[in-house]
Each structure stands twice: as structure tokens, then as C-alpha cells.
$ cat entry_24.csv   # CSV, C-alpha atoms
chain,number,residue,atom,x,y,z
A,1,MET,CA,127.5,104.6,-224.3
A,2,PHE,CA,130.1,102.7,-222.2
A,3,LYS,CA,132.4,105.1,-220.4
A,4,HIS,CA,134.4,102.8,-218.2
A,5,VAL,CA,135.5,99.3,-219.1
A,6,LEU,CA,136.9,96.8,-216.6
A,7,ILE,CA,139.6,94.5,-218.0
A,8,PRO,CA,140.5,91.8,-215.6
A,9,THR,CA,143.4,89.6,-216.3
A,10,ASP,CA,145.2,86.5,-215.0
A,11,GLY,CA,148.2,86.9,-217.2
A,12,SER,CA,147.3,84.0,-219.5
A,13,GLY,CA,147.4,84.0,-223.3
A,14,PRO,CA,143.6,84.2,-223.8
A,15,SER,CA,143.4,86.8,-221.1
A,16,LYS,CA,146.0,88.9,-222.9
A,17,LYS,CA,144.1,88.5,-226.1
A,18,ALA,CA,140.9,89.7,-224.4
A,19,ALA,CA,142.8,92.6,-222.8
A,20,LYS,CA,143.9,93.7,-226.3
A,21,ALA,CA,140.4,93.5,-227.6
A,22,GLY,CA,139.1,95.3,-224.6
A,23,ILE,CA,141.6,98.1,-225.1
A,24,ALA,CA,140.8,98.4,-228.8
A,25,PHE,CA,137.1,98.4,-227.8
A,26,ALA,CA,137.6,101.2,-225.3
A,27,LYS,CA,139.5,103.2,-227.8
A,28,ALA,CA,136.8,102.8,-230.4
A,29,ILE,CA,134.1,104.1,-228.1
A,30,GLY,CA,136.3,106.6,-226.2
A,31,ALA,CA,136.0,104.9,-222.8
A,32,ARG,CA,138.6,104.7,-220.1
A,33,ILE,CA,139.8,101.3,-218.8
A,34,THR,CA,140.6,99.9,-215.4
A,35,THR,CA,142.9,96.8,-215.4
A,36,TYR,CA,142.6,94.4,-212.6
A,37,HIS,CA,144.2,91.3,-211.4
A,38,ALA,CA,142.9,89.5,-208.3
A,39,LEU,CA,145.3,88.2,-205.8
A,40,GLU,CA,144.4,85.2,-203.6
A,41,GLU,CA,143.9,85.9,-200.0
A,42,HIS,CA,146.4,85.3,-197.3
A,43,GLN,CA,149.3,85.7,-199.5
A,44,PRO,CA,152.1,87.8,-198.2
A,45,ILE,CA,152.7,90.5,-200.8
A,46,TYR,CA,156.5,90.1,-200.8
A,47,ASN,CA,156.5,86.7,-202.4
A,48,ALA,CA,157.2,85.7,-205.9
A,49,ARG,CA,153.6,85.9,-206.9
A,50,PHE,CA,153.4,89.6,-206.2
A,51,ARG,CA,156.3,90.2,-208.5
A,52,LYS,CA,154.4,88.2,-211.1
A,53,ASP,CA,151.4,90.5,-210.5
A,54,LEU,CA,153.4,93.6,-211.0
A,55,GLU,CA,154.8,92.0,-214.2
A,56,MET,CA,151.3,91.4,-215.4
A,57,ASN,CA,150.2,95.0,-214.8
A,58,LYS,CA,153.3,96.1,-216.7
A,59,GLN,CA,152.3,93.7,-219.5
A,60,LEU,CA,148.9,95.3,-219.7
A,61,VAL,CA,150.4,98.7,-220.0
A,62,ASP,CA,152.7,97.5,-222.7
A,63,CYS,CA,149.6,96.0,-224.4
A,64,ASN,CA,148.0,99.4,-224.3
A,65,LYS,CA,151.1,100.9,-225.9
A,66,GLU,CA,151.1,98.2,-228.6
A,67,THR,CA,147.5,98.9,-229.6
A,68,GLY,CA,148.4,102.6,-229.7
A,69,SER,CA,145.5,103.4,-227.4
A,70,ASP,CA,145.4,106.7,-225.7
A,71,SER,CA,142.5,105.7,-223.6
A,72,PRO,CA,143.0,107.0,-220.1
A,73,ARG,CA,143.9,104.0,-217.9
A,74,GLU,CA,144.1,103.2,-214.3
A,75,THR,CA,145.5,100.1,-212.7
A,76,VAL,CA,144.1,98.6,-209.6
A,77,LEU,CA,147.0,97.1,-207.7
A,78,PRO,CA,146.3,94.1,-205.5
A,79,LYS,CA,145.9,94.9,-201.9
B,1,MET,CA,136.5,98.1,-234.1
B,2,PHE,CA,133.3,96.2,-234.9
B,3,ARG,CA,131.8,96.6,-238.4
B,4,ASN,CA,128.8,94.3,-238.3
B,5,ILE,CA,127.0,93.8,-235.0
B,6,LEU,CA,124.4,91.1,-234.9
B,7,ILE,CA,121.4,91.9,-232.8
B,8,PRO,CA,119.0,89.0,-232.2
B,9,THR,CA,115.6,89.5,-230.7
B,10,ASP,CA,112.7,87.4,-229.6
B,11,GLY,CA,110.4,90.4,-229.5
B,12,SER,CA,110.3,90.6,-225.7
B,13,THR,CA,110.7,93.8,-223.7
B,14,VAL,CA,114.1,92.9,-222.4
B,15,ALA,CA,115.3,92.0,-226.0
B,16,VAL,CA,114.1,95.4,-227.3
B,17,ARG,CA,116.1,97.1,-224.6
B,18,ALA,CA,119.2,95.2,-225.8
B,19,VAL,CA,118.3,96.1,-229.3
B,20,LYS,CA,118.3,99.8,-228.5
B,21,ALA,CA,121.6,99.4,-226.7
B,22,GLY,CA,123.1,97.5,-229.6
B,23,ILE,CA,122.0,100.2,-232.1
B,24,ALA,CA,123.5,102.9,-229.8
B,25,LEU,CA,126.8,101.0,-229.7
B,26,ALA,CA,126.8,100.5,-233.5
B,27,LYS,CA,126.1,104.2,-234.0
B,28,GLU,CA,129.0,105.1,-231.7
B,29,MET,CA,131.4,102.8,-233.5
B,30,GLY,CA,130.2,103.5,-237.0
B,31,ALA,CA,129.1,99.9,-237.4
B,32,SER,CA,126.1,98.5,-239.2
B,33,VAL,CA,123.6,96.2,-237.5
B,34,ILE,CA,122.0,92.9,-238.5
B,35,GLY,CA,118.6,92.4,-237.0
B,36,TYR,CA,117.7,88.8,-236.6
B,37,SER,CA,114.9,86.6,-235.2
B,38,ALA,CA,114.6,82.8,-235.4
B,39,PHE,CA,111.3,81.0,-235.7
B,40,ALA,CA,110.8,77.4,-234.6
B,41,PRO,CA,109.8,74.7,-237.1
B,42,ALA,CA,106.3,73.4,-236.4
B,43,ARG,CA,107.0,70.0,-235.1
B,44,ALA,CA,104.8,66.9,-234.9
B,45,LYS,CA,104.4,67.4,-231.2
B,46,PHE,CA,102.4,70.6,-231.9
B,47,TYR,CA,99.8,69.0,-234.1
B,48,VAL,CA,99.5,65.4,-233.1
B,49,SER,CA,96.8,65.1,-230.4
B,50,ASP,CA,95.5,62.0,-228.7
B,51,LEU,CA,92.8,61.2,-231.2
B,52,TYR,CA,93.7,62.8,-234.5
B,53,PHE,CA,96.4,64.8,-236.1
B,54,ILE,CA,96.1,67.9,-238.2
B,55,ASP,CA,97.4,67.7,-241.7
B,56,ARG,CA,100.6,69.2,-243.0
B,57,GLY,CA,98.9,72.2,-244.4
B,58,ILE,CA,98.1,73.4,-240.9
B,59,SER,CA,101.6,72.8,-239.7
B,60,ALA,CA,102.8,75.0,-242.6
B,61,THR,CA,100.4,77.6,-241.5
B,62,ILE,CA,101.6,77.5,-237.9
B,63,GLU,CA,105.2,77.9,-239.2
B,64,GLN,CA,104.0,80.8,-241.4
B,65,TYR,CA,102.5,82.5,-238.3
B,66,ALA,CA,105.8,82.1,-236.5
B,67,LYS,CA,107.7,83.4,-239.4
B,68,ASN,CA,105.5,86.5,-239.7
B,69,ALA,CA,105.9,87.1,-235.9
B,70,ALA,CA,109.7,86.9,-236.4
B,71,LYS,CA,109.5,89.3,-239.3
B,72,LYS,CA,107.5,91.7,-237.3
B,73,ASP,CA,110.1,91.6,-234.5
B,74,VAL,CA,113.1,92.3,-236.8
B,75,ALA,CA,111.1,95.1,-238.6
B,76,ARG,CA,111.1,96.8,-235.3
B,77,ILE,CA,114.9,96.6,-235.2
B,78,GLY,CA,114.9,98.1,-238.7
B,79,LYS,CA,112.7,101.0,-237.6
B,80,LEU,CA,114.9,101.8,-234.6
B,81,ALA,CA,118.1,101.5,-236.7
B,82,GLN,CA,116.7,103.8,-239.4
B,83,LYS,CA,115.7,106.3,-236.8
B,84,ALA,CA,119.2,106.3,-235.4
B,85,GLY,CA,120.7,106.5,-238.9
B,86,VAL,CA,122.5,103.2,-238.6
B,87,PRO,CA,122.8,101.0,-241.7
B,88,PHE,CA,121.0,97.7,-241.2
B,89,LYS,CA,120.2,94.4,-242.6
B,90,LEU,CA,117.4,92.2,-241.4
B,91,GLY,CA,117.0,88.4,-241.4
B,92,VAL,CA,114.8,85.7,-240.1
B,93,SER,CA,115.4,81.9,-240.4
B,94,ARG,CA,113.9,78.6,-239.3
B,95,ALA,CA,116.0,77.1,-236.5
B,96,GLU,CA,115.6,74.1,-234.2
B,97,HIS,CA,117.0,76.2,-231.5
B,98,PRO,CA,117.3,80.0,-231.7
B,99,ALA,CA,121.0,79.9,-230.7
B,100,ASP,CA,121.8,77.7,-233.8
B,101,GLY,CA,120.1,80.3,-236.0
B,102,ILE,CA,122.0,83.1,-234.3
B,103,ILE,CA,125.4,81.4,-234.8
B,104,GLN,CA,124.6,80.6,-238.4
B,105,ILE,CA,123.5,84.1,-239.3
B,106,ALA,CA,126.5,85.6,-237.6
B,107,LYS,CA,128.7,83.6,-240.0
B,108,LYS,CA,126.5,84.3,-243.0
B,109,TYR,CA,126.7,88.1,-242.5
B,110,HIS,CA,130.3,88.1,-241.3
B,111,CYS,CA,129.3,89.7,-238.0
B,112,ASP,CA,132.2,90.5,-235.6
B,113,ALA,CA,130.1,90.8,-232.5
B,114,ILE,CA,126.7,89.8,-231.1
B,115,CYS,CA,124.8,92.0,-228.8
B,116,MET,CA,121.9,90.3,-227.0
B,117,ALA,CA,119.8,90.4,-223.8
B,118,SER,CA,120.7,88.2,-220.9
B,119,HIS,CA,117.2,86.6,-221.0
B,120,GLY,CA,114.1,86.8,-223.1
B,121,HIS,CA,110.7,85.6,-222.6
B,122,GLY,CA,109.7,84.5,-219.1
B,123,TYR,CA,112.8,83.5,-217.3
B,124,ILE,CA,113.5,84.2,-213.6
B,125,ALA,CA,114.2,87.9,-214.2
B,126,GLY,CA,117.8,89.0,-214.1
B,127,LEU,CA,119.0,86.1,-212.0
B,128,LEU,CA,120.2,83.7,-214.6
B,129,LEU,CA,121.4,83.8,-218.1
B,130,GLY,CA,118.7,82.7,-220.5
B,131,SER,CA,119.2,79.4,-222.2
B,132,VAL,CA,119.6,81.0,-225.6
B,133,THR,CA,122.2,83.4,-224.4
B,134,GLN,CA,124.0,80.6,-222.7
B,135,LYS,CA,124.1,78.5,-225.8
B,136,VAL,CA,125.3,81.4,-227.9
B,137,LEU,CA,128.0,82.2,-225.4
B,138,ALA,CA,129.2,78.6,-225.5
B,139,HIS,CA,129.3,78.2,-229.3
B,140,SER,CA,130.1,81.7,-230.6
B,141,LYS,CA,133.6,82.3,-232.0
B,142,ILE,CA,133.0,86.1,-231.9
B,143,PRO,CA,132.6,88.4,-228.9
B,144,VAL,CA,129.2,88.4,-227.3
B,145,LEU,CA,128.0,91.4,-225.4
B,146,VAL,CA,125.3,90.4,-222.9
B,147,TYR,CA,123.2,93.4,-222.2
B,148,ARG,CA,121.8,93.8,-218.7
$ encode --input "entry_24.csv" --output "C-alpha cells"
Amino acid sequence: MFKHVLIPTDGSGPSKKAAKAGIAFAKAIGARITTYHALEEHQPIYNARFRKDLEMNKQLVDCNKETGSDSPRETVLPK
Amino acid sequence: MFRNILIPTDGSTVAVRAVKAGIALAKEMGASVIGYSAFAPARAKFYVSDLYFIDRGISATIEQYAKNAAKKDVARIGKLAQKAGVPFKLGVSRAEHPADGIIQIAKKYHCDAICMASHGHGYIAGLLLGSVTQKVLAHSKIPVLVYR
């Protein structure tokens, strides 16, 4: 029914909880996921925030491993 | 992941679309569905007019009509679920606001998700979330899937 689930995150606790649920949900229905974190505009990408964003994406991938999901995933990196 | 999916309806066309989607989802996940519809209590404002008011018997009749309509709406969920081969339970209850009934029934039947339409009867189509959906989203402790 659903083939592609978007899982946006801001790296917070509740958002991580939602991400875990989203991944489990995608696994249950055999959907693929796209994780996303929006970056504020006019931020140079080499600042500390960017490193935090990369960290967050890593966290999501770890989250995926934790749930043992084999859903195909894709990560949208901030521009 | 989900075992019991609550599917509330008000019998409107958009609600029926959400019902179908909810049943399809339940089938895919091997979950069972709980069909639910709330009916409003017949309040004084319905039967007190300027010059006279109708006795309690009539207000009971009005409520009975509302209950029957709700039963008819959930029976439709039952039919669709049966056709799809999804296990189902049906319920109607009297509720001041449909959202209260939905939250209560979700607890009663240990539902782990609610699947409902974004709006039911006569709202500005598709633009806003219906008031019932909004209230459910605000008060629900379990995931709510708003079908669009």
C-alpha cells in the first residue's frame, strides 16, 4: 500500500523515537524509506551544524541497524 | 507492527475512502480492524423550541435514530473487512464529541493505531484538518494515520 515513507528528523529524542517507529512500519509493509533533515538557509556547510547533521544521518542509519530493518534506505543530505 | 487498527467513520464518502485504505493496510500488516462510529446524545437544544418542548421519549427516539445510523456506518466497515478477509470488531458509542469516543474506544480495544480521514462531513475540502481529526491528533497517545 505505502511504498516509500519519508522520515524527517531533527535529531531530538521524540524524533528518534518516531524514526524507529517509521522504520519498523516500513519494514512491516515492505516499503523503502528516505530520511531527511532540513538545514536552515544561509548556513555555510562547513560549520559545526553541518557536522551535527552528518551525525544525525549516521544516527538514523544506526537506528535502522538496531531495528534490524533491511528496508532499502536512502539519505537526503542537506544542500 | 500494528495488531489492532481503529478505523472511525462518520459515514461520509471521504471517511469510506479512509476505511478502505485502513483495511488494505491492516491486511498488509496482518492486523485486525476495529470499526467505530460515534453518535451524539440528543441534547436539550435539539428539542426545546420557543413555545414548547418535546418530551424525553422523543429525545430518546432521536438518539435511537442516531445510534442506528452509526450502526449502519460501522456495518459497512464490517462488510468491507469481511470482503478483504481481515478480522474485525465493530463498535458504536454515545459521545459528546466524536473524538472523545474515538480515544475511549482505542483504549478499550487496545488499539495501537488509528487510521482516519482528514475531514468528514462538509468541511472546506482538503484544505484543513477536520475538527474531529484535529482533536484526535491532539489527544491520542497512539499513532494516528491521517488518510488523504
$ interface_residues --input "entry_24.csv" --of "chain A" --to "chain B" --cutoff "7 Å" --atoms "all atoms listed in the file" --output "VMD selection string"
chain A and resid 1 24 to 25 28 to 29
$ atom_distance --input "entry_24.csv" --atom1 "atom CA of B:Ser32" --atom2 "atom CA of A:Ala26"
18.2 Å
$ residues_around --input "entry_24.csv" --residues "B:Pro87" --least-positions-apart "6" --cutoff "9 Å" --atoms "only C-alpha atoms" --output "mmCIF file with C-alpha atoms, keeping the file's coordinate frame"
data_model
loop_
_atom_site.group_PDB
_atom_site.id
_atom_site.type_symbol
_atom_site.label_atom_id
_atom_site.label_comp_id
_atom_site.auth_asym_id
_atom_site.auth_seq_id
_atom_site.Cartn_x
_atom_site.Cartn_y
_atom_site.Cartn_z
ATOM 1 C CA LYS B 27 126.100 104.200 -234.000
ATOM 2 C CA ALA B 31 129.100 99.900 -237.400
ATOM 3 C CA SER B 32 126.100 98.500 -239.200
ATOM 4 C CA VAL B 33 123.600 96.200 -237.500
ATOM 5 C CA ILE B 34 122.000 92.900 -238.500
ATOM 6 C CA GLY B 78 114.900 98.100 -238.700
ATOM 7 C CA ALA B 81 118.100 101.500 -236.700
#
$ residues_near_point --input "entry_24.csv" --point "(120.3, 84.7, -241.0)" --cutoff "10 Å" --atoms "only C-alpha atoms" --output "compact mmCIF listing (two decimals) with C-alpha atoms, keeping the file's coordinate frame"
# COMPACT_ATOMS: atom_id res chain seq x y z
CA LEU B 6 124.40 91.10 -234.90
CA PRO B 8 119.00 89.00 -232.20
CA ILE B 34 122.00 92.90 -238.50
CA GLY B 35 118.60 92.40 -237.00
CA TYR B 36 117.70 88.80 -236.60
CA SER B 37 114.90 86.60 -235.20
CA ALA B 38 114.60 82.80 -235.40
CA LYS B 89 120.20 94.40 -242.60
CA LEU B 90 117.40 92.20 -241.40
CA GLY B 91 117.00 88.40 -241.40
CA VAL B 92 114.80 85.70 -240.10
CA SER B 93 115.40 81.90 -240.40
CA ARG B 94 113.90 78.60 -239.30
CA ALA B 95 116.00 77.10 -236.50
CA GLY B 101 120.10 80.30 -236.00
CA ILE B 102 122.00 83.10 -234.30
CA ILE B 103 125.40 81.40 -234.80
CA GLN B 104 124.60 80.60 -238.40
CA ILE B 105 123.50 84.10 -239.30
CA ALA B 106 126.50 85.60 -237.60
CA LYS B 107 128.70 83.60 -240.00
CA LYS B 108 126.50 84.30 -243.00
CA TYR B 109 126.70 88.10 -242.50
$ residues_around --input "entry_24.csv" --residues "stretch 2-6 of chain A" --least-positions-apart "3" --cutoff "6 Å" --atoms "only C-alpha atoms" --output "PyMOL selection string"
chain A and resi 31-34
$ atom_distance --input "entry_24.csv" --atom1 "atom CA of B:Ser118" --atom2 "atom CA of B:Ser140"
15.0 Å
$ axis_aligned_box --input "entry_24.csv" --around "stretch 126-141 of chain B" --padding-each-side "6 Å" --output "JSON"
{"center_x": 125.7, "center_y": 83.6, "center_z": -222.0, "size_x": 27.8, "size_y": 22.8, "size_z": 32.0}
$ atom_distance --input "entry_24.csv" --atom1 "atom CA of B:Ser131" --atom2 "atom CA of B:Ile23"
23.2 Å
$ closest_residue --input "entry_24.csv" --among "B:Glu96, B:Pro41, B:Gln82, B:Asp112" --to "B:Ala60" --atoms "all atoms listed in the file"
B:Pro41
$ closest_residue --input "entry_24.csv" --among "B:Val86, B:Ala66, B:Ile114, B:Ile77" --to "B:Lys141" --atoms "all atoms listed in the file"
B:Ile114
$ decode --input "entry_24.csv" --residues "stretch 11-101 of chain B" --atoms "C-alpha atoms" --output "PDB file, in the first residue's frame"
ATOM      1  CA  GLY B  11     -20.319   7.536   7.029  1.00  0.00           C
ATOM      2  CA  SER B  12     -19.187  10.270   4.629  1.00  0.00           C
ATOM      3  CA  THR B  13     -17.569   9.468   1.281  1.00  0.00           C
ATOM      4  CA  VAL B  14     -14.133  10.647   2.409  1.00  0.00           C
ATOM      5  CA  ALA B  15     -14.403   8.547   5.554  1.00  0.00           C
ATOM      6  CA  VAL B  16     -15.260   5.491   3.490  1.00  0.00           C
ATOM      7  CA  ARG B  17     -12.140   6.104   1.391  1.00  0.00           C
ATOM      8  CA  ALA B  18     -10.071   6.155   4.582  1.00  0.00           C
ATOM      9  CA  VAL B  19     -11.855   2.998   5.758  1.00  0.00           C
ATOM     10  CA  LYS B  20     -10.831   1.188   2.581  1.00  0.00           C
ATOM     11  CA  ALA B  21      -7.235   2.357   2.974  1.00  0.00           C
ATOM     12  CA  GLY B  22      -7.211   1.296   6.625  1.00  0.00           C
ATOM     13  CA  ILE B  23      -8.468  -2.166   5.752  1.00  0.00           C
ATOM     14  CA  ALA B  24      -5.859  -2.501   2.994  1.00  0.00           C
ATOM     15  CA  LEU B  25      -3.161  -1.500   5.490  1.00  0.00           C
ATOM     16  CA  ALA B  26      -4.454  -3.962   8.088  1.00  0.00           C
ATOM     17  CA  LYS B  27      -4.452  -6.726   5.511  1.00  0.00           C
ATOM     18  CA  GLU B  28      -0.863  -5.979   4.537  1.00  0.00           C
ATOM     19  CA  MET B  29       0.287  -5.990   8.156  1.00  0.00           C
ATOM     20  CA  GLY B  30      -1.834  -8.930   9.249  1.00  0.00           C
ATOM     21  CA  ALA B  31      -3.672  -6.707  11.717  1.00  0.00           C
ATOM     22  CA  SER B  32      -7.313  -6.699  12.697  1.00  0.00           C
ATOM     23  CA  VAL B  33      -9.548  -3.657  12.423  1.00  0.00           C
ATOM     24  CA  ILE B  34     -11.966  -2.084  14.833  1.00  0.00           C
ATOM     25  CA  GLY B  35     -14.726  -0.196  13.069  1.00  0.00           C
ATOM     26  CA  TYR B  36     -16.191   2.610  15.109  1.00  0.00           C
ATOM     27  CA  SER B  37     -18.749   5.362  14.820  1.00  0.00           C
ATOM     28  CA  ALA B  38     -19.876   7.803  17.498  1.00  0.00           C
ATOM     29  CA  PHE B  39     -23.372   9.146  17.866  1.00  0.00           C
ATOM     30  CA  ALA B  40     -24.261  12.390  19.563  1.00  0.00           C
ATOM     31  CA  PRO B  41     -26.501  12.489  22.618  1.00  0.00           C
ATOM     32  CA  ALA B  42     -29.810  14.199  21.872  1.00  0.00           C
ATOM     33  CA  ARG B  43     -29.378  17.373  23.866  1.00  0.00           C
ATOM     34  CA  ALA B  44     -31.987  19.777  25.129  1.00  0.00           C
ATOM     35  CA  LYS B  45     -31.124  22.278  22.432  1.00  0.00           C
ATOM     36  CA  PHE B  46     -32.484  19.843  19.880  1.00  0.00           C
ATOM     37  CA  TYR B  47     -35.914  19.593  21.348  1.00  0.00           C
ATOM     38  CA  VAL B  48     -36.642  22.774  23.238  1.00  0.00           C
ATOM     39  CA  SER B  49     -38.329  25.215  20.903  1.00  0.00           C
ATOM     40  CA  ASP B  50     -39.576  28.697  21.586  1.00  0.00           C
ATOM     41  CA  LEU B  51     -43.042  27.705  22.675  1.00  0.00           C
ATOM     42  CA  TYR B  52     -42.968  24.119  23.804  1.00  0.00           C
ATOM     43  CA  PHE B  53     -40.638  21.277  24.336  1.00  0.00           C
ATOM     44  CA  ILE B  54     -40.948  17.738  23.256  1.00  0.00           C
ATOM     45  CA  ASP B  55     -40.912  15.062  25.917  1.00  0.00           C
ATOM     46  CA  ARG B  56     -37.999  12.830  26.809  1.00  0.00           C
ATOM     47  CA  GLY B  57     -39.434   9.951  24.855  1.00  0.00           C
ATOM     48  CA  ILE B  58     -38.814  11.810  21.651  1.00  0.00           C
ATOM     49  CA  SER B  59     -35.272  12.714  22.587  1.00  0.00           C
ATOM     50  CA  ALA B  60     -34.662   9.009  23.204  1.00  0.00           C
ATOM     51  CA  THR B  61     -36.072   8.330  19.751  1.00  0.00           C
ATOM     52  CA  ILE B  62     -33.788  10.922  18.209  1.00  0.00           C
ATOM     53  CA  GLU B  63     -30.833   9.268  19.899  1.00  0.00           C
ATOM     54  CA  GLN B  64     -32.001   5.861  18.722  1.00  0.00           C
ATOM     55  CA  TYR B  65     -32.048   7.147  15.149  1.00  0.00           C
ATOM     56  CA  ALA B  66     -28.514   8.468  15.541  1.00  0.00           C
ATOM     57  CA  LYS B  67     -27.421   5.141  17.013  1.00  0.00           C
ATOM     58  CA  ASN B  68     -28.959   3.213  14.141  1.00  0.00           C
ATOM     59  CA  ALA B  69     -27.218   5.464  11.630  1.00  0.00           C
ATOM     60  CA  ALA B  70     -23.897   4.865  13.406  1.00  0.00           C
ATOM     61  CA  LYS B  71     -24.534   1.116  13.395  1.00  0.00           C
ATOM     62  CA  LYS B  72     -25.236   1.251   9.673  1.00  0.00           C
ATOM     63  CA  ASP B  73     -21.959   3.097   9.096  1.00  0.00           C
ATOM     64  CA  VAL B  74     -19.876   0.562  11.024  1.00  0.00           C
ATOM     65  CA  ALA B  75     -21.697  -2.344   9.384  1.00  0.00           C
ATOM     66  CA  ARG B  76     -20.248  -1.051   6.145  1.00  0.00           C
ATOM     67  CA  ILE B  77     -16.746  -1.330   7.627  1.00  0.00           C
ATOM     68  CA  GLY B  78     -17.603  -4.882   8.670  1.00  0.00           C
ATOM     69  CA  LYS B  79     -18.688  -5.753   5.157  1.00  0.00           C
ATOM     70  CA  LEU B  80     -15.537  -4.307   3.586  1.00  0.00           C
ATOM     71  CA  ALA B  81     -13.302  -6.039   6.138  1.00  0.00           C
ATOM     72  CA  GLN B  82     -15.039  -9.350   5.602  1.00  0.00           C
ATOM     73  CA  LYS B  83     -14.612  -8.997   1.857  1.00  0.00           C
ATOM     74  CA  ALA B  84     -10.899  -8.349   2.354  1.00  0.00           C
ATOM     75  CA  GLY B  85     -10.579 -11.245   4.793  1.00  0.00           C
ATOM     76  CA  VAL B  86      -9.453  -9.014   7.635  1.00  0.00           C
ATOM     77  CA  PRO B  87     -10.614  -9.880  11.180  1.00  0.00           C
ATOM     78  CA  PHE B  88     -12.778  -7.126  12.585  1.00  0.00           C
ATOM     79  CA  LYS B  89     -14.750  -5.880  15.549  1.00  0.00           C
ATOM     80  CA  LEU B  90     -17.380  -3.184  15.402  1.00  0.00           C
ATOM     81  CA  GLY B  91     -18.482  -0.646  17.963  1.00  0.00           C
ATOM     82  CA  VAL B  92     -20.650   2.411  18.363  1.00  0.00           C
ATOM     83  CA  SER B  93     -20.922   4.618  21.399  1.00  0.00           C
ATOM     84  CA  ARG B  94     -22.594   7.746  22.645  1.00  0.00           C
ATOM     85  CA  ALA B  95     -20.120  10.603  22.834  1.00  0.00           C
ATOM     86  CA  GLU B  96     -20.344  14.325  23.486  1.00  0.00           C
ATOM     87  CA  HIS B  97     -17.682  14.808  20.822  1.00  0.00           C
ATOM     88  CA  PRO B  98     -16.778  12.047  18.336  1.00  0.00           C
ATOM     89  CA  ALA B  99     -13.084  12.477  19.209  1.00  0.00           C
ATOM     90  CA  ASP B 100     -13.779  11.531  22.843  1.00  0.00           C
ATOM     91  CA  GLY B 101     -15.491   8.363  21.691  1.00  0.00           C
TER      92      GLY B 101
END
